[in-house]
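J.: Data: query-v3.cif, mmCIF, C-alpha atoms.
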```cif
data_structure
loop_
_atom_site.label_atom_id
_atom_site.label_comp_id
_atom_site.auth_asym_id
_atom_site.auth_seq_id
_atom_site.Cartn_x
_atom_site.Cartn_y
_atom_site.Cartn_z
CA MET A 1 260.90 -94.36 184.71
CA GLY A 2 263.12 -95.28 187.64
CA CYS A 3 265.27 -98.38 187.93
CA LEU A 4 266.34 -100.32 190.99
CA LEU A 5 270.04 -100.48 191.69
CA LEU A 6 271.42 -102.94 194.19
CA LEU A 7 274.20 -101.05 195.96
CA ALA A 8 276.73 -102.23 198.45
CA GLY A 9 275.63 -100.00 201.29
CA LEU A 10 275.17 -99.56 204.93
CA LEU A 11 271.78 -100.81 206.06
CA GLY A 12 272.61 -104.33 207.13
CA ALA A 13 275.59 -106.34 208.24
CA CYS A 14 276.11 -110.07 208.21
CA ARG A 15 279.20 -111.80 209.50
CA SER A 16 280.51 -115.00 208.01
CA GLY A 17 283.25 -117.36 208.96
CA PRO A 18 285.99 -116.93 211.55
CA GLU A 19 287.28 -113.76 209.88
CA GLN A 20 284.06 -111.87 210.81
CA ASN A 21 283.84 -110.19 207.42
CA VAL A 22 281.14 -107.63 206.78
CA SER A 23 278.84 -107.72 203.76
CA LEU A 24 276.62 -104.66 203.36
CA LYS A 25 273.65 -104.13 201.04
CA LYS A 26 271.40 -101.21 200.24
CA ILE A 27 268.70 -100.69 197.62
CA VAL A 28 268.49 -97.20 196.13
CA LEU A 29 266.07 -95.72 193.62
CA ALA A 30 267.79 -93.81 190.83
CA PRO A 31 266.53 -92.31 187.57
CA GLN A 32 267.00 -94.45 184.49
CA GLY A 33 270.56 -94.37 183.23
CA GLN A 34 271.86 -92.71 186.37
CA ILE A 35 274.00 -94.42 189.01
CA GLU A 36 274.01 -92.96 192.49
CA LEU A 37 277.15 -93.05 194.62
CA GLY A 38 276.54 -95.91 197.03
CA VAL A 39 277.82 -94.28 200.20
CA LEU A 40 275.70 -92.50 202.77
CA ARG A 41 275.89 -88.73 203.21
CA LEU A 42 274.49 -86.40 205.83
CA PRO A 43 271.95 -83.67 204.97
CA ASN A 44 274.80 -81.12 204.81
CA GLY A 45 276.50 -83.17 202.06
CA CYS A 46 279.29 -84.52 204.27
CA LEU A 47 280.19 -88.20 204.10
CA ASP A 48 278.53 -90.05 206.96
CA ALA A 49 280.52 -92.04 209.50
CA ALA A 50 282.06 -95.31 208.38
CA PRO A 51 279.55 -98.16 207.98
CA SER A 52 279.25 -100.85 210.62
CA GLU A 53 282.38 -102.72 209.70
CA ALA A 54 284.16 -105.61 211.37
CA LYS A 55 286.92 -104.69 213.74
CA ALA A 56 290.31 -105.02 212.07
CA PRO A 57 292.49 -107.85 213.33
CA PRO A 58 295.10 -106.65 215.84
CA PRO A 59 298.47 -105.61 214.42
CA PRO A 60 300.57 -108.79 214.03
CA LEU A 61 303.64 -106.79 215.11
CA PRO A 62 303.61 -104.11 217.84
CA LEU A 63 302.89 -100.53 216.76
CA SER A 64 302.95 -97.61 219.19
CA GLY A 65 300.92 -94.42 219.28
CA ARG A 66 297.41 -93.80 218.01
CA LEU A 67 296.50 -96.13 215.13
CA GLY A 68 293.94 -96.13 212.35
CA LEU A 69 293.15 -98.61 209.59
CA TRP A 70 290.54 -98.96 206.85
CA VAL A 71 290.68 -101.89 204.43
CA ALA A 72 287.75 -102.48 202.11
CA GLU A 73 286.67 -104.30 198.99
CA ILE A 74 284.91 -101.71 196.83
CA ASP A 75 281.99 -102.12 194.46
CA PRO A 76 283.38 -100.58 191.23
CA LEU A 77 279.93 -99.37 190.13
CA THR A 78 278.83 -97.66 193.33
CA LEU A 79 282.17 -97.13 195.14
CA ALA A 80 280.54 -98.46 198.30
CA PRO A 81 282.34 -100.93 200.57
CA ILE A 82 281.26 -104.53 200.02
CA ARG A 83 283.32 -105.83 202.93
CA ALA A 84 285.54 -103.86 205.28
CA VAL A 85 287.59 -104.05 208.45
CA ALA A 86 288.66 -101.02 210.42
CA THR A 87 290.21 -99.50 213.51
CA ASN A 88 289.41 -95.87 214.40
CA ALA A 89 287.93 -95.40 210.94
CA ASP A 90 286.45 -91.98 211.76
CA SER A 91 289.36 -90.56 213.80
CA VAL A 92 291.36 -87.71 212.30
CA PHE A 93 295.07 -88.25 211.61
CA PRO A 94 297.82 -86.15 209.98
CA LEU A 95 298.42 -87.32 206.41
CA ALA A 96 302.05 -86.24 205.86
CA SER A 97 303.06 -87.00 202.25
CA THR A 98 300.11 -89.30 201.60
CA TYR A 99 298.15 -86.16 200.70
CA LYS A 100 300.30 -85.69 197.57
CA GLN A 101 298.12 -88.01 195.48
CA ALA A 102 295.37 -85.38 195.78
CA VAL A 103 297.72 -82.82 194.21
CA LEU A 104 298.19 -85.16 191.25
CA TRP A 105 294.44 -85.68 190.84
CA ALA A 106 293.78 -81.92 191.00
CA LEU A 107 296.60 -81.33 188.51
CA LEU A 108 295.13 -83.84 186.07
CA LYS A 109 291.72 -82.18 186.30
CA GLN A 110 293.40 -78.93 185.27
CA PHE A 111 295.19 -80.74 182.45
CA ASP A 112 291.83 -81.92 181.14
CA ALA A 113 290.50 -78.37 181.48
CA GLY A 114 293.36 -77.13 179.30
CA THR A 115 294.78 -74.75 181.92
CA LEU A 116 298.20 -76.41 182.16
CA GLN A 117 300.47 -78.51 179.99
CA PRO A 118 302.79 -81.39 180.98
CA THR A 119 305.67 -79.70 179.15
CA GLU A 120 305.64 -76.58 181.36
CA ARG A 121 309.00 -76.18 183.09
CA PHE A 122 309.88 -74.83 186.52
CA ASN A 123 312.99 -73.66 188.35
CA VAL A 124 313.72 -74.11 192.06
CA THR A 125 313.90 -70.75 193.81
CA ARG A 126 314.22 -69.41 197.35
CA ASP A 127 310.50 -68.77 197.12
CA ASN A 128 309.40 -72.35 196.30
CA GLN A 129 312.08 -74.65 197.78
CA SER A 130 310.82 -76.91 200.54
CA LEU A 131 312.64 -79.33 202.84
CA GLY A 132 314.67 -82.28 201.58
CA SER A 133 316.02 -82.95 198.11
CA TYR A 134 314.64 -81.08 195.13
CA PRO A 135 314.50 -81.29 191.31
CA PHE A 136 316.86 -79.72 188.80
CA ASP A 137 315.97 -76.37 187.30
CA GLY A 138 313.91 -76.68 184.16
CA THR A 139 312.10 -79.85 185.23
CA SER A 140 308.84 -80.38 183.37
CA LEU A 141 305.47 -80.51 185.07
CA LYS A 142 305.12 -84.18 184.10
CA ASP A 143 308.49 -85.07 185.64
CA LEU A 144 307.64 -83.09 188.77
CA SER A 145 304.52 -85.22 189.15
CA VAL A 146 306.66 -88.36 189.01
CA ARG A 147 309.10 -86.98 191.60
CA MET A 148 306.19 -86.00 193.84
CA ILE A 149 304.83 -89.56 194.00
CA GLN A 150 307.85 -91.78 193.42
CA ASN A 151 310.40 -89.74 195.41
CA SER A 152 307.93 -87.89 197.65
CA ASP A 153 309.81 -84.71 196.67
CA ASN A 154 308.46 -81.83 198.76
CA THR A 155 309.65 -79.05 196.49
CA ALA A 156 308.12 -80.73 193.44
CA THR A 157 304.88 -81.08 195.41
CA ASP A 158 304.79 -77.44 196.47
CA ILE A 159 305.50 -76.20 192.94
CA LEU A 160 302.64 -78.30 191.59
CA HIS A 161 300.28 -77.52 194.47
CA ARG A 162 300.70 -73.77 193.94
CA ARG A 163 300.52 -74.12 190.15
CA VAL A 164 297.17 -75.89 190.44
CA GLY A 165 295.91 -73.61 193.23
CA LEU A 166 295.52 -74.20 196.96
CA GLN A 167 291.73 -74.46 196.84
CA LYS A 168 291.75 -76.66 193.73
CA VAL A 169 293.55 -79.35 195.74
CA GLN A 170 291.15 -78.89 198.66
CA ASN A 171 288.29 -79.29 196.18
CA VAL A 172 289.34 -82.91 195.69
CA ALA A 173 288.01 -83.56 199.22
CA ASP A 174 285.23 -80.99 199.27
CA GLU A 175 283.57 -82.30 196.11
CA LEU A 176 283.42 -85.77 197.67
CA GLY A 177 281.92 -84.49 200.92
CA LEU A 178 285.03 -85.40 202.92
CA CYS A 179 284.41 -82.82 205.59
CA HIS A 180 287.13 -84.05 207.96
CA THR A 181 289.79 -83.97 205.24
CA ARG A 182 292.12 -80.97 204.84
CA LEU A 183 294.38 -80.90 201.77
CA ILE A 184 294.91 -77.18 201.23
CA LEU A 185 298.44 -76.52 202.54
CA PRO A 186 301.69 -77.20 200.62
CA THR A 187 304.39 -78.93 202.67
CA ARG A 188 306.44 -75.85 203.59
CA ASP A 189 303.32 -74.10 204.87
CA TRP A 190 302.52 -76.63 207.59
CA TRP A 191 306.17 -76.75 208.72
CA VAL A 192 306.34 -72.96 208.92
CA ALA A 193 303.16 -73.00 211.02
CA GLN A 194 304.46 -75.80 213.26
CA SER A 195 307.78 -74.07 213.89
CA GLY A 196 306.00 -70.87 214.93
CA LEU A 197 307.05 -68.74 211.95
CA SER A 198 303.60 -67.95 210.52
CA GLN A 199 302.22 -64.72 211.91
CA THR A 200 298.83 -65.56 210.39
CA PHE A 201 298.67 -68.96 212.06
CA ASN A 202 299.91 -67.61 215.39
CA SER A 203 297.37 -64.80 215.50
CA THR A 204 294.16 -66.70 214.70
CA THR A 205 291.99 -69.21 216.51
CA ARG A 206 289.85 -69.81 213.42
CA TRP A 207 292.12 -72.15 211.46
CA ALA A 208 291.12 -75.50 212.96
CA ALA A 209 287.40 -74.97 212.34
CA ALA A 210 287.70 -72.88 209.17
CA ARG A 211 285.92 -74.13 206.06
CA GLY A 212 285.20 -72.83 202.59
CA ALA A 213 286.19 -69.25 201.75
CA ASP A 214 287.42 -68.56 205.30
CA ARG A 215 289.85 -71.48 205.20
CA GLU A 216 291.00 -70.54 201.70
CA GLN A 217 291.70 -66.96 202.77
CA LEU A 218 293.70 -68.10 205.80
CA ALA A 219 295.60 -70.68 203.72
CA VAL A 220 296.64 -68.00 201.22
CA LEU A 221 297.98 -65.86 204.07
CA ILE A 222 299.81 -68.79 205.70
CA ASP A 223 301.30 -69.63 202.29
CA ALA A 224 302.52 -66.04 201.92
CA ASP A 225 304.13 -66.30 205.37
CA ALA A 226 305.81 -69.58 204.42
CA ARG A 227 307.38 -68.17 201.27
CA LYS A 228 309.30 -65.52 203.24
CA TYR A 229 311.78 -68.02 204.67
CA ARG A 230 314.69 -69.91 203.18
CA ALA A 231 314.40 -73.68 203.42
CA ASP A 232 317.62 -74.02 205.46
CA TYR A 233 316.41 -71.45 208.01
CA LEU A 234 313.06 -73.23 208.27
CA GLN A 235 314.86 -76.55 208.81
CA ARG A 236 316.85 -75.09 211.73
CA LYS A 237 313.72 -73.63 213.35
CA LEU A 238 311.83 -76.90 212.86
CA ASN A 239 314.71 -78.88 214.40
CA ASP A 240 314.59 -76.54 217.38
CA TYR A 241 310.84 -77.11 217.74
CA PHE A 242 311.15 -80.90 217.72
CA ASP A 243 314.19 -80.84 220.03
CA THR A 244 312.55 -78.64 222.66
CA ARG A 245 308.74 -78.61 222.49
CA PRO A 246 307.25 -81.32 220.25
CA ASN A 247 303.50 -81.68 220.72
CA PRO A 248 301.43 -84.25 218.77
CA ASP A 249 298.39 -81.97 219.10
CA ASP A 250 300.23 -79.42 216.96
CA ASP A 251 300.31 -81.99 214.13
CA LEU A 252 296.51 -81.95 214.02
CA ARG A 253 296.47 -78.16 213.93
CA VAL A 254 298.94 -77.69 211.07
CA HIS A 255 299.10 -80.81 208.88
CA ASN A 256 296.77 -81.82 206.10
CA LEU A 257 294.36 -84.32 207.65
CA SER A 258 291.91 -87.11 206.99
CA THR A 259 290.31 -90.16 208.56
CA PRO A 260 291.03 -93.73 207.42
CA TYR A 261 287.48 -94.02 206.05
CA GLU A 262 287.49 -90.65 204.26
CA LEU A 263 290.91 -91.35 202.74
CA GLY A 264 289.66 -94.77 201.63
CA THR A 265 286.67 -93.07 199.99
CA LEU A 266 289.01 -90.65 198.23
CA LEU A 267 291.08 -93.59 196.97
CA ALA A 268 288.02 -95.38 195.61
CA SER A 269 286.94 -92.25 193.76
CA GLU A 270 290.46 -91.39 192.60
CA PHE A 271 291.01 -94.73 190.89
CA LEU A 272 287.51 -95.94 190.00
CA ARG A 273 285.61 -92.74 189.22
CA SER A 274 288.19 -90.02 188.63
CA GLY A 275 286.26 -88.20 185.92
CA LEU A 276 289.49 -87.86 183.97
CA SER A 277 290.02 -88.24 180.22
CA ALA A 278 291.73 -91.35 178.88
CA ARG A 279 295.00 -89.38 178.48
CA ALA A 280 294.84 -88.06 182.03
CA GLN A 281 293.99 -91.51 183.42
CA GLN A 282 297.01 -92.95 181.63
CA TRP A 283 299.19 -90.27 183.24
CA GLN A 284 297.61 -90.97 186.63
CA ARG A 285 298.16 -94.73 186.41
CA GLU A 286 301.73 -94.31 185.19
CA VAL A 287 302.64 -92.03 188.09
CA MET A 288 300.62 -93.61 190.92
CA GLY A 289 301.93 -97.04 189.91
CA LYS A 290 305.36 -95.79 191.01
CA GLY A 291 304.15 -95.08 194.53
CA PHE A 292 305.39 -97.21 197.41
CA GLY A 293 303.61 -100.33 198.66
CA ARG A 294 303.19 -102.92 195.93
CA SER A 295 306.24 -104.99 196.87
CA ALA A 296 305.14 -105.03 200.53
CA LEU A 297 301.79 -106.66 199.75
CA LYS A 298 301.37 -110.40 200.23
CA LEU A 299 298.90 -110.34 197.34
CA GLN A 300 301.79 -109.21 195.14
CA GLN A 301 303.98 -112.03 196.42
CA ARG A 302 301.19 -114.48 195.54
CA GLY A 303 300.89 -113.03 192.02
CA LYS A 304 297.37 -111.69 192.62
CA VAL A 305 297.90 -107.98 191.91
CA ALA A 306 296.85 -106.87 188.43
CA TRP A 307 297.44 -103.17 189.14
CA PHE A 308 298.46 -101.05 192.12
CA GLY A 309 298.64 -97.36 192.96
CA GLY A 310 299.86 -96.10 196.31
CA LYS A 311 301.40 -93.33 198.41
CA GLY A 312 302.93 -93.14 201.84
CA GLY A 313 304.19 -90.44 204.15
CA ASN A 314 306.12 -89.96 207.35
CA GLY A 315 306.96 -87.25 209.84
CA TRP A 316 307.96 -86.84 213.47
CA GLY A 317 306.06 -89.74 215.07
CA ILE A 318 303.81 -89.98 211.99
CA LEU A 319 303.51 -92.78 209.43
CA THR A 320 300.83 -93.19 206.76
CA TYR A 321 300.28 -95.62 203.88
CA SER A 322 297.45 -95.84 201.40
CA GLY A 323 296.79 -97.83 198.26
CA TYR A 324 294.39 -99.13 195.65
CA ILE A 325 294.65 -102.73 194.42
CA GLN A 326 292.99 -104.37 191.46
CA THR A 327 293.33 -108.13 191.86
CA THR A 328 293.82 -110.62 189.07
CA ASP A 329 290.31 -111.99 189.72
CA GLY A 330 288.75 -108.56 189.24
CA ARG A 331 288.26 -107.32 192.81
CA HIS A 332 288.98 -103.76 193.93
CA LEU A 333 290.56 -103.03 197.30
CA VAL A 334 291.61 -99.87 199.12
CA TYR A 335 293.60 -99.49 202.33
CA ALA A 336 294.52 -96.55 204.55
CA PHE A 337 296.93 -96.98 207.46
CA MET A 338 297.67 -94.17 209.91
CA GLN A 339 300.01 -93.90 212.90
CA HIS A 340 300.33 -90.77 215.01
CA GLY A 341 302.34 -90.10 218.15
CA ALA A 342 304.59 -93.11 217.68
CA ASP A 343 307.35 -93.79 220.19
CA GLN A 344 309.81 -93.50 217.32
CA ASN A 345 310.57 -90.00 216.04
CA TYR A 346 311.70 -91.43 212.70
CA THR A 347 308.96 -93.83 211.70
CA MET A 348 310.11 -95.34 208.39
CA PRO A 349 311.52 -98.44 210.21
CA ASN A 350 307.89 -99.16 211.19
CA THR A 351 307.02 -99.87 207.55
CA ARG A 352 307.28 -103.65 207.87
CA ARG A 353 305.03 -103.58 210.93
CA ALA A 354 302.54 -101.31 209.17
CA PHE A 355 302.26 -103.61 206.16
CA ALA A 356 301.96 -106.68 208.36
CA TRP A 357 298.76 -105.07 209.66
CA ILE A 358 297.61 -103.91 206.22
CA ASN A 359 298.11 -107.44 204.88
CA ALA A 360 296.20 -108.93 207.81
CA GLY A 361 293.33 -106.55 207.04
CA ILE A 362 293.35 -107.51 203.36
CA ASP A 363 293.27 -111.21 204.27
CA ALA A 364 290.32 -110.62 206.60
CA VAL A 365 288.41 -108.71 203.91
CA LEU A 366 289.09 -111.38 201.30
CA GLY A 367 288.35 -114.18 203.75
CA GLU A 368 291.81 -115.68 203.52
CA GLN A 369 294.12 -116.85 206.26
CA VAL A 370 297.63 -116.60 204.88
CA GLY A 371 299.15 -119.18 207.21
CA GLU A 372 296.49 -121.80 206.48
CA LYS A 373 296.60 -121.13 202.72
CA GLU A 374 300.38 -121.40 202.54
CA ALA A 375 300.34 -124.55 204.70
CA LYS A 376 297.96 -126.19 202.23
#
```
Could you render the structure as C-alpha cells?
T.:
Amino acid sequence: MGCLLLLAGLLGACRSGPEQNVSLKKIVLAPQGQIELGVLRLPNGCLDAAPSEAKAPPPPLPLSGRLGLWVAEIDPLTLAPIRAVATNADSVFPLASTYKQAVLWALLKQFDAGTLQPTERFNVTRDNQSLGSYPFDGTSLKDLSVRMIQNSDNTATDILHRRVGLQKVQNVADELGLCHTRLILPTRDWWVAQSGLSQTFNSTTRWAAARGADREQLAVLIDADARKYRADYLQRKLNDYFDTRPNPDDDLRVHNLSTPYELGTLLASEFLRSGLSARAQQWQREVMGKGFGRSALKLQQRGKVAWFGGKGGNGWGILTYSGYIQTTDGRHLVYAFMQHGADQNYTMPNTRRAFAWINAGIDAVLGEQVGEKEAK
C-alpha cells in the first residue's frame, strides 16, 4: 500500500518578505517504507534544470568574470531544496580543487567495500607527482586524504584518485544523474592537456561530449600521457601557456566541471545521504571539517554553525567554494560559488568578496538581514 510523502520540490513557488525567498512543494507517491529523492530528473536519468529559485542578491563587493551561485536550505529527508537563491545555476564552470571532495567520497565507498585500507602507504614518484607541494614518502592513505582536503595537495589527490580509479570518482556524479559534471581527471591530467602535452587530447574532438565508456577510455589515455612528464617540466610548459596564449574556453575543455546546482546536489547527497558506514562517515566528517570556509561564514561568527564541511579551489582566473552547513537550530544548507575568467590571474585575494556574496545568499535563504539583525 502506498504512502504520501510531502517533498520539498519544484511544482510551485511562493515568495515571501523583502528577501524574495522561494518555498517549493511537491507531493510524490512512493511505496510504503521507501523515500524517493525529492529532486526532478529527466527521462534519461539526468538531473533536471534548477528549480524556479529566487535570484541571488547581487555580490556586495565587485567580482569580475563569469559568476555562478547556488545557496539552498535542504530537506534532510528528500534532499530537495526548500528555499534557494541562485545566479547562473545551470551554467557549467571549471571546478579546480573543489572536485577533490568527490575523490574522498569515492575513496570511502571503496573503504566500505573492503578494497582499500587507511593504513596503505604511498611514495611520491616521478610518475605520480603533481604541481605544488607534496607529501613525504610513506604517507598513509588516511593522511593523504587529510592533505587533499585541508592542504589541497595535488599530489595526494592524484595518488588517491588513481588508487580509487578514474571512473569510480566519475561515478560519484553519474550515480546522482549529474550529467553536466565531470570528475574523472586527476589534477596533472588536465594541466597536461591544457599545456598541449597530451597527444590523446590534441588528436580527438570527442572529449567534450564523451560520456560513459568512451569518456573513460579517453581519460585513461590522457592519464597515460600525463604520467610521461616530470612535474617541473609540466610547470614550465604550463607557465608558457598562460604567459602566451591563455584562453578561458580551454578551461572548460580540460578541467573537471559542474554547475552550481549540480554541485549543490552533490553536496546534499555527500553529507546527508552518503550511503557510507558509520566508520566511513566519521572519517568523512573528520576530513571535510578541515576544509576551508567555516571561519568566513557569518553564521559561524554568530555561533549558529553546529557542523561544517567545505572545499575550495583556484586556478588561473578561476575561484570556487562549496560547503555544507548544519545550523544549531537543525537546518541544512549548501552553497556553491563559482568564478571563471576573472580579471585577476591569481584569484585567492577574491576570497573575501566571494564569501560576502555567499553570506548574502545564506541570509536571503534564511530570511535574515544581517545589518538589521546586528542593529537590533
J.: Go through the shown structure with the PyMOL selection byres ((chain A and resi 330-333) around 9) and write out the matching residues as a PDB file with C-alpha atoms, keeping the file's coordinate frame.
T.:
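Listed below is the output, selection_29.pdb:
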```
ATOM      1  CA  VAL A  71     290.680-101.890 204.430  1.00  0.00           C
ATOM      2  CA  ALA A  72     287.750-102.480 202.110  1.00  0.00           C
ATOM      3  CA  GLU A  73     286.670-104.300 198.990  1.00  0.00           C
ATOM      4  CA  ILE A  74     284.910-101.710 196.830  1.00  0.00           C
ATOM      5  CA  ASP A  75     281.990-102.120 194.460  1.00  0.00           C
ATOM      6  CA  PRO A  76     283.380-100.580 191.230  1.00  0.00           C
ATOM      7  CA  ALA A 268     288.020 -95.380 195.610  1.00  0.00           C
ATOM      8  CA  LEU A 272     287.510 -95.940 190.000  1.00  0.00           C
ATOM      9  CA  ALA A 306     296.850-106.870 188.430  1.00  0.00           C
ATOM     10  CA  GLY A 323     296.790 -97.830 198.260  1.00  0.00           C
ATOM     11  CA  TYR A 324     294.390 -99.130 195.650  1.00  0.00           C
ATOM     12  CA  ILE A 325     294.650-102.730 194.420  1.00  0.00           C
ATOM     13  CA  GLN A 326     292.990-104.370 191.460  1.00  0.00           C
ATOM     14  CA  THR A 327     293.330-108.130 191.860  1.00  0.00           C
ATOM     15  CA  THR A 328     293.820-110.620 189.070  1.00  0.00           C
ATOM     16  CA  ASP A 329     290.310-111.990 189.720  1.00  0.00           C
ATOM     17  CA  VAL A 334     291.610 -99.870 199.120  1.00  0.00           C
ATOM     18  CA  TYR A 335     293.600 -99.490 202.330  1.00  0.00           C
ATOM     19  CA  ILE A 362     293.350-107.510 203.360  1.00  0.00           C
ATOM     20  CA  VAL A 365     288.410-108.710 203.910  1.00  0.00           C
TER      21      VAL A 365
END
```
J.: Write out as a CSV table (one decimal) with C-alpha atoms, keeping the file's coordinate frame each polymer residue whose atoms come within 8 Å of range 184-189 of chain A, counting only C-alpha atoms; drop sequence neighbours fewer than 2 positions from it.
T.:
```csv
chain,number,residue,atom,x,y,z
A,130,SER,CA,310.8,-76.9,200.5
A,131,LEU,CA,312.6,-79.3,202.8
A,154,ASN,CA,308.5,-81.8,198.8
A,157,THR,CA,304.9,-81.1,195.4
A,158,ASP,CA,304.8,-77.4,196.5
A,161,HIS,CA,300.3,-77.5,194.5
A,162,ARG,CA,300.7,-73.8,193.9
A,166,LEU,CA,295.5,-74.2,197.0
A,167,GLN,CA,291.7,-74.5,196.8
A,169,VAL,CA,293.6,-79.4,195.7
A,170,GLN,CA,291.2,-78.9,198.7
A,182,ARG,CA,292.1,-81.0,204.8
A,191,TRP,CA,306.2,-76.8,208.7
A,192,VAL,CA,306.3,-73.0,208.9
A,193,ALA,CA,303.2,-73.0,211.0
A,216,GLU,CA,291.0,-70.5,201.7
A,219,ALA,CA,295.6,-70.7,203.7
A,222,ILE,CA,299.8,-68.8,205.7
A,223,ASP,CA,301.3,-69.6,202.3
A,225,ASP,CA,304.1,-66.3,205.4
A,226,ALA,CA,305.8,-69.6,204.4
A,255,HIS,CA,299.1,-80.8,208.9
A,256,ASN,CA,296.8,-81.8,206.1
```
J.: Could you name the residues that touch Ser145 in chain A at 10 Å or less, counting only C-alpha atoms, but leaving out those on the same chain fewer than 6 positions away, as number ranges by chain?
T.: A: 100-101, 103-104, 107-108, 118, 151-153, 156-157, 159-160, 283-284, 287-288
J.: Keeping only C-alpha atoms, write those residues as a PDB file, in the coordinates of the input.
T.:
```pdb
ATOM      1  CA  LYS A 100     300.300 -85.690 197.570  1.00  0.00           C
ATOM      2  CA  GLN A 101     298.120 -88.010 195.480  1.00  0.00           C
ATOM      3  CA  VAL A 103     297.720 -82.820 194.210  1.00  0.00           C
ATOM      4  CA  LEU A 104     298.190 -85.160 191.250  1.00  0.00           C
ATOM      5  CA  LEU A 107     296.600 -81.330 188.510  1.00  0.00           C
ATOM      6  CA  LEU A 108     295.130 -83.840 186.070  1.00  0.00           C
ATOM      7  CA  PRO A 118     302.790 -81.390 180.980  1.00  0.00           C
ATOM      8  CA  ASN A 151     310.400 -89.740 195.410  1.00  0.00           C
ATOM      9  CA  SER A 152     307.930 -87.890 197.650  1.00  0.00           C
ATOM     10  CA  ASP A 153     309.810 -84.710 196.670  1.00  0.00           C
ATOM     11  CA  ALA A 156     308.120 -80.730 193.440  1.00  0.00           C
ATOM     12  CA  THR A 157     304.880 -81.080 195.410  1.00  0.00           C
ATOM     13  CA  ILE A 159     305.500 -76.200 192.940  1.00  0.00           C
ATOM     14  CA  LEU A 160     302.640 -78.300 191.590  1.00  0.00           C
ATOM     15  CA  TRP A 283     299.190 -90.270 183.240  1.00  0.00           C
ATOM     16  CA  GLN A 284     297.610 -90.970 186.630  1.00  0.00           C
ATOM     17  CA  VAL A 287     302.640 -92.030 188.090  1.00  0.00           C
ATOM     18  CA  MET A 288     300.620 -93.610 190.920  1.00  0.00           C
TER      19      MET A 288
END
```
J.: What do you get, as JSON, numbers by chain, if you spell out every residue that the PyMOL selection byres ((chain A and resi 259) around 6) selects here?
T.: {"A": [90, 91, 92, 93, 258, 260, 261, 262, 263]}
J.: Give me the residues near Gly361 in chain A as a list in words, where near means some atom within 9 Å (using all atoms listed in the file) and where sequence neighbours in that chain fewer than 2 positions away do not count.
T.: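 Listing them by chain and then by number gives Ala56, Pro57, Pro58, Leu69, Trp70, Val71, Ala72, Ala84, Val85, Ala86, Tyr335, Ala356, Trp357, Ile358, Asn359, Asp363, Ala364, Val365 and Leu366 of chain A.
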J.: What would the selection look like, as a count of residues only, if the PyMOL selection byres ((chain A and resi 235) around 10) were run on the coordinates I just shared?
T.: 19
J.: Calculated over only C-alpha atoms, which of the candidates A:Ser269, A:Gln110, A:Arg41, A:Thr139 has the smallest distance to Asn123 in chain A?
T.: A:Thr139
J.: Record the distance separating CA of Arg83 in chain A and CA of Arg294 in chain A, expressed in Å with one decimal.
T.: 21.3 Å
J.: Show me, as a PyMOL selection string, the residues that have an atom within 9 Å of Val172 in chain A when counting all atoms listed in the file, minus same-chain residues fewer than 5 positions from it.
T.: chain A and resi 102-103+105-106+167+178+183+266
J.: Give me, please, the distance in Å between CA of Trp207 in chain A and CA of Asn345 in chain A, quoted to one decimal.
T.: 26.1 Å
J.: Using all atoms listed in the file, can you tell me which of A:Leu95, A:Leu116, A:Leu79, A:Ala278 comes closest to Val254 in chain A?
T.: A:Leu95
J.: Under the rule that all atoms listed in the file are counted, which of A:Arg163, A:Lys55, A:Lys304, A:His340 is the nearest residue to Gln117 in chain A?
T.: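 Nearest to Gln117 in chain A: A:Arg163.
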J.: Residues near Ser140 in chain A, anyone? I mean within 6 Å using only C-alpha atoms, not counting same-chain ones fewer than 4 positions away, as an NGL selection string.
T.: :A and (119-121)
J.: Interatomic distance between CA of Leu67 in chain A and CA of Leu257 in chain A?
T.: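 Pair CA of Leu67 in chain A / CA of Leu257 in chain A returns 14.1 Å.
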J.: Residues proximal to (304.2, -89.7, 195.7) were defined as those with any atom within 6 Å of that point in the file's coordinates, counting all atoms listed in the file. Which are they, as an MDAnalysis selection string?
T.: chainID A and resid 100 148:150 152 291 311
J.: With all atoms listed in the file as the atoms that count, which of A:Thr205, A:Gln300, A:Asn350, A:Asn128 lies nearest to Arg227 in chain A?
T.: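 Closest to Arg227 in chain A, using all atoms listed in the file: A:Asn128.
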J.: Which residue out of A:Ala336, A:Thr265, A:Gly312, A:Ser274 has the minimum interatomic distance to Phe292 in chain A when all atoms listed in the file are used?
T.: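 Comparing A:Ala336, A:Thr265, A:Gly312, A:Ser274 against Phe292 in chain A, the winner is A:Gly312.
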